[in-house]
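structure.cif, holding mmCIF, C-alpha atoms and all ligand atoms:
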data_run
loop_
_atom_site.label_atom_id
_atom_site.label_comp_id
_atom_site.auth_asym_id
_atom_site.auth_seq_id
_atom_site.Cartn_x
_atom_site.Cartn_y
_atom_site.Cartn_z
CA MET A 1 158.35 9.88 87.32
CA PHE A 2 155.25 10.47 89.43
CA SER A 3 154.61 12.59 92.48
CA LEU A 4 152.32 11.26 95.17
CA TYR A 5 150.03 13.45 97.27
CA PHE A 6 148.20 12.25 100.39
CA HIS A 7 145.46 14.38 101.88
CA VAL A 8 144.85 14.28 105.63
CA PRO A 9 141.59 16.18 106.25
CA PHE A 10 141.72 16.52 110.04
CA CYS A 11 142.38 19.64 112.11
CA VAL A 12 142.15 20.45 115.80
CA HIS A 13 140.24 23.63 115.06
CA ARG A 14 139.14 25.25 111.84
CA CYS A 15 141.04 28.51 111.23
CA ALA A 16 138.81 31.50 110.46
CA TYR A 17 140.13 32.00 106.90
CA CYS A 18 140.42 28.36 105.83
CA ASP A 19 138.37 26.79 103.05
CA PHE A 20 140.44 23.64 102.58
CA ASN A 21 138.78 20.26 102.68
CA THR A 22 139.37 19.63 106.36
CA TYR A 23 137.26 18.84 109.42
CA ALA A 24 137.68 19.66 113.11
CA GLY A 25 136.50 17.37 115.89
CA GLN A 26 136.60 14.15 113.86
CA SER A 27 139.91 12.72 115.02
CA GLU A 28 138.22 9.46 116.13
CA LYS A 29 137.95 8.67 112.42
CA ILE A 30 141.72 8.81 111.86
CA PRO A 31 142.41 5.04 112.27
CA GLY A 32 139.67 4.15 109.77
CA TYR A 33 140.90 6.86 107.42
CA VAL A 34 144.43 5.48 107.47
CA GLU A 35 143.07 2.04 106.51
CA ALA A 36 141.05 3.60 103.70
CA LEU A 37 144.08 5.50 102.43
CA GLU A 38 146.08 2.29 102.30
CA SER A 39 143.28 0.50 100.40
CA GLU A 40 143.21 3.34 97.90
CA ILE A 41 147.00 3.21 97.44
CA ARG A 42 146.84 -0.55 96.79
CA ALA A 43 143.89 -0.17 94.40
CA VAL A 44 145.51 2.54 92.27
CA ALA A 45 148.98 0.97 92.25
CA GLY A 46 147.38 -2.41 91.41
CA SER A 47 145.53 -0.98 88.42
CA ALA A 48 148.79 0.48 87.03
CA GLY A 49 149.99 -3.10 86.45
CA GLN A 50 153.57 -2.20 87.43
CA HIS A 51 155.49 -0.53 90.24
CA LEU A 52 155.32 3.07 89.03
CA PRO A 53 158.36 5.20 89.78
CA ALA A 54 157.79 8.13 92.16
CA TYR A 55 160.26 10.70 93.42
CA THR A 56 158.20 12.92 95.71
CA ILE A 57 155.73 12.11 98.47
CA PHE A 58 153.76 14.89 100.11
CA PHE A 59 151.37 14.68 103.05
CA GLY A 60 149.16 17.78 103.07
CA GLY A 61 145.98 18.79 104.72
CA GLY A 62 144.40 19.52 106.97
CA THR A 63 146.95 18.73 109.61
CA PRO A 64 148.88 15.57 108.71
CA SER A 65 150.93 15.95 111.90
CA LEU A 66 147.85 14.69 113.79
CA LEU A 67 148.68 11.15 112.65
CA THR A 68 150.87 9.01 114.91
CA SER A 69 154.26 7.74 113.82
CA GLN A 70 152.78 4.20 113.79
CA GLN A 71 150.16 5.36 111.33
CA PHE A 72 152.79 7.01 109.13
CA LYS A 73 154.93 3.88 109.32
CA SER A 74 152.03 1.83 108.07
CA ILE A 75 151.13 4.22 105.22
CA LEU A 76 154.75 4.65 104.10
CA GLY A 77 155.14 0.86 104.18
CA THR A 78 152.16 0.52 101.84
CA ILE A 79 153.51 3.26 99.56
CA ARG A 80 156.94 1.65 99.34
CA HIS A 81 155.37 -1.72 98.69
CA SER A 82 153.17 -0.33 95.92
CA PHE A 83 155.46 2.16 94.14
CA ASN A 84 159.07 2.29 93.16
CA ILE A 85 160.22 5.19 95.35
CA SER A 86 163.55 6.82 94.48
CA GLU A 87 166.21 6.52 97.12
CA ASP A 88 166.63 10.28 97.27
CA ALA A 89 162.88 11.00 97.15
CA GLU A 90 161.65 14.22 98.73
CA ILE A 91 159.23 13.14 101.47
CA SER A 92 157.36 16.14 102.94
CA LEU A 93 154.99 16.64 105.78
CA GLU A 94 152.82 19.68 106.39
CA ALA A 95 152.57 20.34 110.09
CA ASN A 96 150.86 22.70 112.47
CA PRO A 97 153.45 23.98 114.98
CA GLY A 98 150.92 23.43 117.78
CA THR A 99 150.85 19.66 117.17
CA LEU A 100 154.54 18.73 117.27
CA ASP A 101 157.06 17.50 119.82
CA LEU A 102 160.67 16.36 119.61
CA GLU A 103 159.90 12.66 119.91
CA ALA A 104 157.34 12.73 117.08
CA LEU A 105 159.74 14.62 114.83
CA GLN A 106 162.54 12.15 115.57
CA GLU A 107 160.22 9.29 114.66
CA LEU A 108 159.15 11.00 111.43
CA TYR A 109 162.76 11.57 110.45
CA ARG A 110 163.58 7.91 111.15
CA LEU A 111 160.67 6.87 108.95
CA GLY A 112 162.18 8.76 106.01
CA PHE A 113 160.55 12.19 106.07
CA ASN A 114 163.15 14.73 104.99
CA ARG A 115 161.16 17.94 104.58
CA ILE A 116 158.82 19.68 107.02
CA SER A 117 156.51 22.52 106.09
CA LEU A 118 155.21 24.52 109.03
CA GLY A 119 152.13 26.72 108.83
CA VAL A 120 153.40 29.76 110.75
CA GLN A 121 151.21 32.42 109.07
CA SER A 122 152.32 35.27 111.37
CA ALA A 123 154.66 35.98 114.24
CA HIS A 124 152.27 38.50 115.73
CA PRO A 125 150.04 37.32 118.63
CA GLN A 126 147.06 39.45 117.63
CA GLU A 127 147.16 38.24 114.03
CA LEU A 128 147.47 34.59 115.07
CA HIS A 129 144.51 35.08 117.38
CA GLN A 130 142.43 36.66 114.64
CA LEU A 131 143.28 33.84 112.23
CA GLU A 132 142.20 31.40 114.99
CA ARG A 133 145.45 29.46 114.77
CA ILE A 134 145.97 26.99 117.62
CA HIS A 135 149.62 27.93 118.12
CA ASP A 136 151.61 30.98 119.13
CA TYR A 137 154.99 32.06 117.84
CA PHE A 138 156.85 30.34 120.69
CA ASP A 139 155.42 27.03 119.43
CA VAL A 140 156.97 27.83 116.06
CA ILE A 141 160.38 28.49 117.61
CA GLU A 142 160.17 25.22 119.55
CA ALA A 143 158.99 23.26 116.50
CA VAL A 144 161.88 24.56 114.39
CA ARG A 145 164.39 23.77 117.15
CA TRP A 146 163.01 20.24 117.54
CA ALA A 147 162.92 19.68 113.78
CA ARG A 148 166.62 20.63 113.53
CA GLN A 149 167.45 18.47 116.53
CA ALA A 150 165.63 15.54 114.92
CA GLY A 151 167.78 15.94 111.80
CA PHE A 152 165.61 17.88 109.33
CA ARG A 153 167.73 19.98 106.98
CA ASN A 154 164.92 21.09 104.70
CA LEU A 155 162.37 23.29 106.37
CA ASN A 156 159.63 25.43 104.88
CA LEU A 157 157.74 28.11 106.75
CA ASP A 158 154.42 29.51 105.44
CA LEU A 159 153.40 33.12 106.09
CA ILE A 160 150.33 35.11 105.08
CA TYR A 161 150.40 38.83 104.25
CA GLY A 162 147.62 41.32 103.73
CA LEU A 163 146.03 40.33 107.03
CA PRO A 164 143.31 42.42 108.71
CA GLU A 165 144.79 45.57 110.25
CA GLN A 166 148.28 44.47 109.21
CA THR A 167 150.67 47.35 108.65
CA LEU A 168 153.80 47.22 106.54
CA GLU A 169 155.85 47.51 109.74
CA ARG A 170 154.11 44.57 111.34
CA TRP A 171 154.56 42.44 108.24
CA LYS A 172 158.25 43.34 108.16
CA SER A 173 158.68 42.31 111.77
CA SER A 174 156.95 38.93 111.15
CA LEU A 175 159.21 38.20 108.21
CA GLU A 176 162.34 39.30 110.09
CA LEU A 177 161.48 37.01 113.01
CA VAL A 178 160.89 34.10 110.67
CA LEU A 179 164.18 34.78 108.85
CA GLY A 180 165.87 34.50 112.24
CA LEU A 181 164.86 30.81 112.22
CA HIS A 182 166.89 30.25 109.01
CA PRO A 183 164.39 28.18 107.01
CA GLU A 184 165.62 26.77 103.69
CA HIS A 185 162.30 27.64 102.05
CA LEU A 186 159.58 30.24 102.51
CA SER A 187 156.06 30.40 101.09
CA LEU A 188 154.38 33.79 101.32
CA TYR A 189 150.69 33.90 100.45
CA ALA A 190 148.38 36.87 100.10
CA LEU A 191 145.29 36.48 102.24
CA THR A 192 142.30 35.57 100.10
CA ILE A 193 138.88 35.90 101.62
CA GLU A 194 136.89 32.76 100.82
CA HIS A 195 133.14 32.59 100.70
CA GLY A 196 131.67 30.39 103.44
CA THR A 197 134.46 31.01 105.97
CA PRO A 198 134.13 33.21 109.07
CA PHE A 199 136.42 35.73 107.34
CA GLY A 200 134.05 35.73 104.34
CA LEU A 201 131.10 36.42 106.61
CA TRP A 202 132.87 39.18 108.56
CA GLU A 203 133.96 40.84 105.36
CA GLN A 204 130.37 40.77 104.05
CA ARG A 205 129.26 42.49 107.24
CA GLY A 206 132.03 45.08 106.93
CA LYS A 207 133.79 43.82 110.04
CA LEU A 208 137.09 42.77 108.50
CA PRO A 209 139.47 45.69 107.93
CA ILE A 210 141.73 44.08 105.35
CA PRO A 211 144.57 46.20 103.92
CA ASP A 212 143.98 47.70 100.49
CA PRO A 213 145.57 45.84 97.55
CA ASP A 214 148.28 48.51 97.15
CA LEU A 215 149.52 47.94 100.67
CA ALA A 216 149.47 44.16 100.15
CA ALA A 217 151.47 44.71 96.94
CA ASP A 218 154.02 46.78 98.91
CA MET A 219 154.33 43.94 101.43
CA TYR A 220 155.02 41.46 98.63
CA GLU A 221 157.54 43.72 96.97
CA TRP A 222 159.37 44.46 100.20
CA ALA A 223 159.51 40.75 101.01
CA GLY A 224 161.00 40.01 97.59
CA GLU A 225 163.82 42.53 98.12
CA ARG A 226 164.47 41.38 101.67
CA LEU A 227 164.59 37.70 100.76
CA LYS A 228 166.87 38.36 97.82
CA ALA A 229 169.27 40.15 100.17
CA ALA A 230 169.07 37.16 102.53
CA GLY A 231 170.16 34.76 99.77
CA TYR A 232 166.81 33.24 98.77
CA GLU A 233 165.91 32.61 95.14
CA HIS A 234 162.45 33.69 94.10
CA TYR A 235 161.53 30.69 91.97
CA GLU A 236 157.73 30.76 92.03
CA ILE A 237 155.28 33.62 92.53
CA SER A 238 154.76 32.76 96.20
CA ASN A 239 157.87 30.69 96.92
CA TRP A 240 161.48 31.41 97.78
CA ALA A 241 164.26 28.91 98.47
CA LYS A 242 167.93 28.74 99.31
CA PRO A 243 169.83 27.24 96.34
CA GLY A 244 169.03 23.54 96.04
CA PHE A 245 165.94 23.66 98.25
CA GLN A 246 163.11 24.27 95.79
CA CYS A 247 160.08 22.14 96.57
CA GLN A 248 160.36 19.24 94.10
CA HIS A 249 156.80 18.12 94.74
CA ASN A 250 155.24 21.46 93.87
CA LEU A 251 157.56 21.86 90.88
CA GLN A 252 155.96 18.72 89.50
CA TYR A 253 152.55 20.50 89.48
CA TRP A 254 153.92 23.72 88.01
CA ARG A 255 155.75 21.83 85.27
CA GLY A 256 152.55 20.02 84.32
CA LYS A 257 153.93 16.58 85.16
CA PRO A 258 151.86 13.67 86.48
CA TYR A 259 150.85 13.24 90.09
CA LEU A 260 148.52 10.90 91.89
CA GLY A 261 146.27 12.20 94.66
CA PHE A 262 145.05 10.00 97.50
CA GLY A 263 142.59 10.79 100.28
CA ALA A 264 139.35 12.71 100.68
CA GLY A 265 139.17 15.61 98.21
CA ALA A 266 142.59 14.85 96.69
CA HIS A 267 143.19 15.73 93.04
CA GLY A 268 145.35 13.95 90.50
CA PHE A 269 146.59 14.22 86.94
CA ALA A 270 147.86 11.16 85.13
CA ALA A 271 147.33 9.16 81.94
CA GLY A 272 145.68 12.21 80.33
CA LEU A 273 143.01 12.45 83.05
CA ARG A 274 142.34 15.03 85.72
CA TYR A 275 140.38 13.63 88.59
CA SER A 276 139.30 14.36 92.14
CA ASN A 277 138.09 12.29 95.06
CA VAL A 278 134.96 12.61 97.15
CA LEU A 279 135.27 15.32 99.80
CA ARG A 280 133.61 13.86 102.88
CA ILE A 281 135.65 11.60 105.15
CA LYS A 282 132.84 9.12 105.86
CA THR A 283 131.94 8.65 102.20
CA TYR A 284 135.62 8.37 101.30
CA MET A 285 136.08 5.55 103.80
CA GLU A 286 132.93 3.75 102.62
CA ARG A 287 134.02 3.96 99.00
CA CYS A 288 137.52 2.71 99.72
CA ARG A 289 136.06 -0.33 101.49
CA ALA A 290 134.21 -1.31 98.30
CA ILE A 291 136.25 -3.57 96.07
CA SER A 292 136.09 -2.42 92.48
CA ALA A 293 138.57 -2.66 89.67
CA LEU A 294 138.91 0.65 87.85
CA PRO A 295 141.22 1.76 85.09
CA PHE A 296 144.39 3.58 86.17
CA PRO A 297 144.61 6.19 87.74
CA LEU A 298 141.08 6.12 89.16
CA SER A 299 140.18 4.78 92.58
CA PRO A 300 136.81 3.89 94.16
CA ALA A 301 136.91 7.32 95.85
CA GLU A 302 136.98 9.24 92.58
CA VAL A 303 133.90 11.38 91.87
CA ASN A 304 135.00 13.56 89.03
CA SER A 305 137.34 12.85 86.16
CA HIS A 306 137.78 14.18 82.67
CA PRO A 307 140.27 13.77 79.87
CA VAL A 308 142.46 16.81 79.34
CA SER A 309 142.43 17.93 75.72
CA LEU A 310 145.68 18.99 74.08
CA PHE A 311 144.53 22.60 74.03
CA ALA A 312 143.53 22.53 77.71
CA GLU A 313 146.92 21.06 78.52
CA MET A 314 148.64 23.89 76.64
CA GLN A 315 146.52 26.46 78.51
CA GLU A 316 147.43 24.86 81.82
CA ALA A 317 151.10 24.83 80.82
CA MET A 318 150.91 28.61 80.42
CA MET A 319 149.12 29.12 83.71
CA THR A 320 151.39 26.95 85.81
CA GLY A 321 154.62 27.51 83.87
CA LEU A 322 154.39 31.28 84.19
CA ARG A 323 154.14 30.89 87.95
CA LEU A 324 157.81 29.87 87.81
CA THR A 325 159.36 33.30 87.92
CA GLN A 326 162.81 32.31 86.57
CA GLU A 327 162.11 29.11 84.66
CA GLY A 328 158.97 30.51 82.96
CA VAL A 329 157.68 28.82 79.81
CA SER A 330 160.35 27.63 77.40
CA ALA A 331 159.44 28.15 73.74
CA ASP A 332 161.46 25.07 72.72
CA GLY A 333 160.12 22.98 75.58
CA PHE A 334 156.57 23.92 74.60
CA GLU A 335 157.14 22.91 70.98
CA GLN A 336 158.79 19.63 71.90
CA ARG A 337 155.96 18.69 74.22
CA TYR A 338 152.95 19.80 72.17
CA GLU A 339 154.35 19.81 68.62
CA ARG A 340 153.03 23.32 68.15
CA LYS A 341 154.93 26.59 68.24
CA LEU A 342 154.19 28.67 71.32
CA MET A 343 153.62 31.83 69.26
CA ASP A 344 151.30 30.02 66.83
CA VAL A 345 149.05 29.00 69.70
CA PHE A 346 149.21 32.01 72.05
CA GLY A 347 150.93 34.74 69.99
CA GLU A 348 148.09 37.23 70.31
CA GLU A 349 147.83 36.88 74.10
CA ILE A 350 151.60 36.99 74.58
CA ASP A 351 152.07 40.12 72.45
CA GLU A 352 149.28 41.89 74.29
CA LEU A 353 150.65 40.99 77.74
CA ILE A 354 154.16 42.09 76.69
CA LYS A 355 152.75 45.44 75.56
CA LEU A 356 151.09 45.81 78.95
CA GLY A 357 154.45 45.20 80.63
CA LEU A 358 153.27 41.99 82.32
CA LEU A 359 155.30 39.41 80.36
CA GLU A 360 158.82 39.50 78.94
CA TRP A 361 161.08 37.36 76.82
CA ALA A 362 164.36 36.28 78.40
CA GLU A 363 167.37 34.41 77.10
CA SER A 364 167.10 35.57 73.48
CA LYS A 365 163.39 34.93 73.26
CA GLY A 366 163.81 31.37 74.52
CA ILE A 367 161.97 31.85 77.81
CA LEU A 368 158.72 33.66 78.43
CA ARG A 369 158.14 34.86 81.97
CA LEU A 370 156.32 37.35 84.15
CA THR A 371 157.80 40.79 84.67
CA LYS A 372 158.11 42.15 88.18
CA ARG A 373 154.82 43.94 87.62
CA GLY A 374 153.26 40.82 86.16
CA ARG A 375 153.98 38.92 89.38
CA GLN A 376 151.75 41.35 91.25
CA VAL A 377 148.77 40.53 89.03
CA GLY A 378 149.67 36.96 88.11
CA ASN A 379 146.09 35.69 88.25
CA GLN A 380 144.94 38.22 85.69
CA VAL A 381 147.80 37.25 83.39
CA PHE A 382 146.92 33.53 83.68
CA LEU A 383 143.27 34.20 82.96
CA ARG A 384 144.25 35.62 79.58
CA PHE A 385 145.21 32.07 78.51
CA VAL A 386 141.90 30.42 79.41
S1 LIG A 401 145.42 24.24 110.22
FE1 LIG A 401 145.50 24.64 108.00
S2 LIG A 401 144.08 23.19 107.09
FE2 LIG A 401 143.63 23.24 109.30
S3 LIG A 401 141.98 24.72 109.48
FE3 LIG A 401 143.91 25.84 109.81
S4 LIG A 401 144.47 26.62 107.76
FE4 LIG A 401 142.91 25.03 107.47
#
Would you mind giving the structure from this file in structure tokens?
Ligand code: SF4
Amino acid sequence: MFSLYFHVPFCVHRCAYCDFNTYAGQSEKIPGYVEALESEIRAVAGSAGQHLPAYTIFFGGGTPSLLTSQQFKSILGTIRHSFNISEDAEISLEANPGTLDLEALQELYRLGFNRISLGVQSAHPQELHQLERIHDYFDVIEAVRWARQAGFRNLNLDLIYGLPEQTLERWKSSLELVLGLHPEHLSLYALTIEHGTPFGLWEQRGKLPIPDPDLAADMYEWAGERLKAAGYEHYEISNWAKPGFQCQHNLQYWRGKPYLGFGAGAHGFAAGLRYSNVLRIKTYMERCRAISALPFPLSPAEVNSHPVSLFAEMQEAMMTGLRLTQEGVSADGFEQRYERKLMDVFGEEIDELIKLGLLEWAESKGILRLTKRGRQVGNQVFLRFV
């Protein structure tokens, strides 16, 4: 079973912290981009030589909600024509709350979308302003109301913590307000300052008073307790869901299973290859216009691909599997998949991280996972395996 990712690299305005592959002020290119995306879908599906089965479809960005329902209808038609999509497939759309209305959401629901992920980031006006988001919190409330009215029963809301000048109290109030909207899923991300963004520049100049890491850790810990009390399962370092509402698409990545990426800057992993597409929209469209037969899973837009060695795959399995806070890495599952014992390959690293109190064995040594403390410094734990 494959997962399919579609990148839509258009935004109304570039947020001050964002380093995603997205472009503001280029919406006139959207119709040509949609055509290119469909050519790429046909090219990759054609090279597979069969209708590959897929059970998740995810439109991310950028701001996919800038596309019209006609454009989505056309893309989804091409996807369904090219792949064997499960009847109960999870079909997700990332959306900016400032770009939605009831009619559009009703159309999207009719087309088969069944999950919406809204970039909320904060409920506080000053924080939203500083992040240079195009929406306010009232837009979020409206978007959620419209999404429910349109029929969506699977809603994710994204929030960022550790924002400049954010206090624990302010973070608590953002999360409480968002909980009042009863989302099925929540993604909470720590702010990371990326080089080349306005935030990166302001930080360099000492003009960005970001909270110290201890305060950000307190925010994360408080959120974990609060969400547990509210009935959410903490299933991935940054993700919580009501039972039955885990994001199937992202689980595919974390479980190291194959996915195909389409669009400018999209990444994929299939047939033992990791690959990525050209970043720029114009070049992407030019490349997709060129007819060339390439081996699966590559498309004319691909600029970087490499085979993943068995050892690299095992390293990645540790990095992504340990992100799953309950599921973790199964010792038996590892052995079945790689025909090597987990402790034979990574015994030294695992023993060391257990001694440091960052990893633990669960279920009679069947499952290796992060401890509560390990979740706070997940990236450092993962680095130990590469
Ligand atoms: S809306 Fe999302 S993708 Fe677009 S600039 Fe803002 S953070 Fe980046």
Hey, which residues come within 8 Å of ligand LIG 401 (chain A) if we count only C-alpha atoms and all ligand atoms? Could you give them as a PDB file with C-alpha atoms, in the frame of the given file?
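Ended up saving to pocket.pdb:
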ATOM      1  CA  PRO A   9     141.590  16.180 106.250  1.00  0.00           C
ATOM      2  CA  PHE A  10     141.720  16.520 110.040  1.00  0.00           C
ATOM      3  CA  CYS A  11     142.380  19.640 112.110  1.00  0.00           C
ATOM      4  CA  VAL A  12     142.150  20.450 115.800  1.00  0.00           C
ATOM      5  CA  HIS A  13     140.240  23.630 115.060  1.00  0.00           C
ATOM      6  CA  ARG A  14     139.140  25.250 111.840  1.00  0.00           C
ATOM      7  CA  CYS A  15     141.040  28.510 111.230  1.00  0.00           C
ATOM      8  CA  ALA A  16     138.810  31.500 110.460  1.00  0.00           C
ATOM      9  CA  TYR A  17     140.130  32.000 106.900  1.00  0.00           C
ATOM     10  CA  CYS A  18     140.420  28.360 105.830  1.00  0.00           C
ATOM     11  CA  ASP A  19     138.370  26.790 103.050  1.00  0.00           C
ATOM     12  CA  PHE A  20     140.440  23.640 102.580  1.00  0.00           C
ATOM     13  CA  ASN A  21     138.780  20.260 102.680  1.00  0.00           C
ATOM     14  CA  THR A  22     139.370  19.630 106.360  1.00  0.00           C
ATOM     15  CA  TYR A  23     137.260  18.840 109.420  1.00  0.00           C
ATOM     16  CA  ALA A  24     137.680  19.660 113.110  1.00  0.00           C
ATOM     17  CA  GLY A  61     145.980  18.790 104.720  1.00  0.00           C
ATOM     18  CA  GLY A  62     144.400  19.520 106.970  1.00  0.00           C
ATOM     19  CA  THR A  63     146.950  18.730 109.610  1.00  0.00           C
ATOM     20  CA  ASN A  96     150.860  22.700 112.470  1.00  0.00           C
ATOM     21  CA  GLY A 119     152.130  26.720 108.830  1.00  0.00           C
ATOM     22  CA  GLU A 132     142.200  31.400 114.990  1.00  0.00           C
ATOM     23  CA  ARG A 133     145.450  29.460 114.770  1.00  0.00           C
ATOM     24  CA  ILE A 134     145.970  26.990 117.620  1.00  0.00           C
TER      25      ILE A 134
END
Just the residues within 12 Å of Phe152 (chain A), please, counting all atoms listed in the file, with nothing from its chain fewer than 2 positions along; format it as a PDB file with C-alpha atoms, in the frame of the given file.
ATOM      1  CA  GLU A  90     161.650  14.220  98.730  1.00  0.00           C
ATOM      2  CA  ILE A  91     159.230  13.140 101.470  1.00  0.00           C
ATOM      3  CA  SER A  92     157.360  16.140 102.940  1.00  0.00           C
ATOM      4  CA  LEU A  93     154.990  16.640 105.780  1.00  0.00           C
ATOM      5  CA  LEU A 102     160.670  16.360 119.610  1.00  0.00           C
ATOM      6  CA  LEU A 105     159.740  14.620 114.830  1.00  0.00           C
ATOM      7  CA  GLN A 106     162.540  12.150 115.570  1.00  0.00           C
ATOM      8  CA  GLU A 107     160.220   9.290 114.660  1.00  0.00           C
ATOM      9  CA  LEU A 108     159.150  11.000 111.430  1.00  0.00           C
ATOM     10  CA  TYR A 109     162.760  11.570 110.450  1.00  0.00           C
ATOM     11  CA  ARG A 110     163.580   7.910 111.150  1.00  0.00           C
ATOM     12  CA  GLY A 112     162.180   8.760 106.010  1.00  0.00           C
ATOM     13  CA  PHE A 113     160.550  12.190 106.070  1.00  0.00           C
ATOM     14  CA  ASN A 114     163.150  14.730 104.990  1.00  0.00           C
ATOM     15  CA  ARG A 115     161.160  17.940 104.580  1.00  0.00           C
ATOM     16  CA  ILE A 116     158.820  19.680 107.020  1.00  0.00           C
ATOM     17  CA  SER A 117     156.510  22.520 106.090  1.00  0.00           C
ATOM     18  CA  ALA A 143     158.990  23.260 116.500  1.00  0.00           C
ATOM     19  CA  VAL A 144     161.880  24.560 114.390  1.00  0.00           C
ATOM     20  CA  ARG A 145     164.390  23.770 117.150  1.00  0.00           C
ATOM     21  CA  TRP A 146     163.010  20.240 117.540  1.00  0.00           C
ATOM     22  CA  ALA A 147     162.920  19.680 113.780  1.00  0.00           C
ATOM     23  CA  ARG A 148     166.620  20.630 113.530  1.00  0.00           C
ATOM     24  CA  GLN A 149     167.450  18.470 116.530  1.00  0.00           C
ATOM     25  CA  ALA A 150     165.630  15.540 114.920  1.00  0.00           C
ATOM     26  CA  ASN A 154     164.920  21.090 104.700  1.00  0.00           C
ATOM     27  CA  LEU A 155     162.370  23.290 106.370  1.00  0.00           C
ATOM     28  CA  ASN A 156     159.630  25.430 104.880  1.00  0.00           C
ATOM     29  CA  PRO A 183     164.390  28.180 107.010  1.00  0.00           C
ATOM     30  CA  GLU A 184     165.620  26.770 103.690  1.00  0.00           C
TER      31      GLU A 184
END
Sel. within 8 Å of pt (158.1, 28.3, 92.5), counting all atoms listed in the file, output as a list in words = His234, Tyr235, Glu236, Ile237, Ser238, Asn239, Trp240, Gln246, Cys247, Asn250, Leu251, Trp254, Arg323, Leu324 and Thr325 of chain A
Do you know which residues are at most 10 Å from Tyr137 (chain A) counting all atoms listed in the file, after dropping those on the same chain fewer than 3 positions away, and could you put them as number ranges by chain?
-> A: 97-98, 120-125, 128, 140-143, 174, 177-178
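Interatomic distance, CA of Val44 (chain A) against CA of Ile57 (chain A): 15.3 Å.
Of note, CA of Gly328 (chain A) and CA of Phe58 (chain A) are spaced 23.8 Å apart.
A straight line drawn from CA of Leu168 (chain A) to CA of Glu221 (chain A) is 10.9 Å long.
Taking all atoms listed in the file into account, Asp88 (chain A) lies nearest to A:Gln248 out of the set A:Gln248, A:Gln326, A:Ser47, A:Gln315.
Remark: for Thr283 (chain A), the closest of the candidate residues A:Leu215, A:Leu118, A:Leu356, A:Ala36 is A:Ala36 (distances computed over all atoms listed in the file).
In this comparison, which uses only C-alpha atoms, the residue of A:Ile85, A:Leu368, A:Cys288, A:Leu131 approaching Arg42 (chain A) most closely is A:Cys288.
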Out of A:Leu279, A:Val381, A:Ile291, A:Leu186, which residue has the shortest atom-to-atom distance to Phe262 (chain A) when counting all atoms listed in the file?
-> A:Leu279
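The list of residues with at least one atom within 12 Å of Arg226 (chain A), based on all atoms listed in the file and without residues fewer than 2 positions apart in the same chain, reads Trp171, Lys172, Ser173, Leu175, Glu176, Leu179, Met219, Tyr220, Glu221, Trp222, Ala223, Gly224, Lys228, Ala229, Ala230, Gly231, Tyr232, Glu233, His234 and Trp240 of chain A.
Using all atoms listed in the file, the smallest distance between any of A:Ala89, A:Leu227, A:Met319, A:Val278 and Val303 (chain A) comes from A:Val278.
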What lies within 8 Å of Leu298 (chain A) using all atoms listed in the file, ignoring chain neighbours under 4 positions off, as a ChimeraX atom specification?
-> /A:44,275,294,302
Within 9 Å of Glu40 (chain A) using only C-alpha atoms, minus same-chain residues under 6 positions, as a VMD selection string = chain A and resid 262 to 263 288 to 289 299 to 301
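Point (144.9, 11.2, 83.2) has the following residues at most 10 Å away: A:Pro258, A:Tyr259, A:Leu260, A:Gly268, A:Phe269, A:Ala270, A:Ala271, A:Gly272, A:Leu273, A:Arg274, A:Tyr275, A:Phe296, A:Pro297, A:Leu298, A:Ser305, A:His306, A:Pro307, A:Val308 (atoms considered: only C-alpha atoms).
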Using only C-alpha atoms, please write the residues we just selected to a file, as a PDB file, keeping the file's coordinate frame.
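Below is the file that was written, out.pdb:
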ATOM      1  CA  PRO A 258     151.860  13.670  86.480  1.00  0.00           C
ATOM      2  CA  TYR A 259     150.850  13.240  90.090  1.00  0.00           C
ATOM      3  CA  LEU A 260     148.520  10.900  91.890  1.00  0.00           C
ATOM      4  CA  GLY A 268     145.350  13.950  90.500  1.00  0.00           C
ATOM      5  CA  PHE A 269     146.590  14.220  86.940  1.00  0.00           C
ATOM      6  CA  ALA A 270     147.860  11.160  85.130  1.00  0.00           C
ATOM      7  CA  ALA A 271     147.330   9.160  81.940  1.00  0.00           C
ATOM      8  CA  GLY A 272     145.680  12.210  80.330  1.00  0.00           C
ATOM      9  CA  LEU A 273     143.010  12.450  83.050  1.00  0.00           C
ATOM     10  CA  ARG A 274     142.340  15.030  85.720  1.00  0.00           C
ATOM     11  CA  TYR A 275     140.380  13.630  88.590  1.00  0.00           C
ATOM     12  CA  PHE A 296     144.390   3.580  86.170  1.00  0.00           C
ATOM     13  CA  PRO A 297     144.610   6.190  87.740  1.00  0.00           C
ATOM     14  CA  LEU A 298     141.080   6.120  89.160  1.00  0.00           C
ATOM     15  CA  SER A 305     137.340  12.850  86.160  1.00  0.00           C
ATOM     16  CA  HIS A 306     137.780  14.180  82.670  1.00  0.00           C
ATOM     17  CA  PRO A 307     140.270  13.770  79.870  1.00  0.00           C
ATOM     18  CA  VAL A 308     142.460  16.810  79.340  1.00  0.00           C
TER      19      VAL A 308
END
Counting only C-alpha atoms, which of A:Ala241, A:Ala317, A:Ile41, A:Ile193 gets nearest to Tyr253 (chain A)?
-> A:Ala317
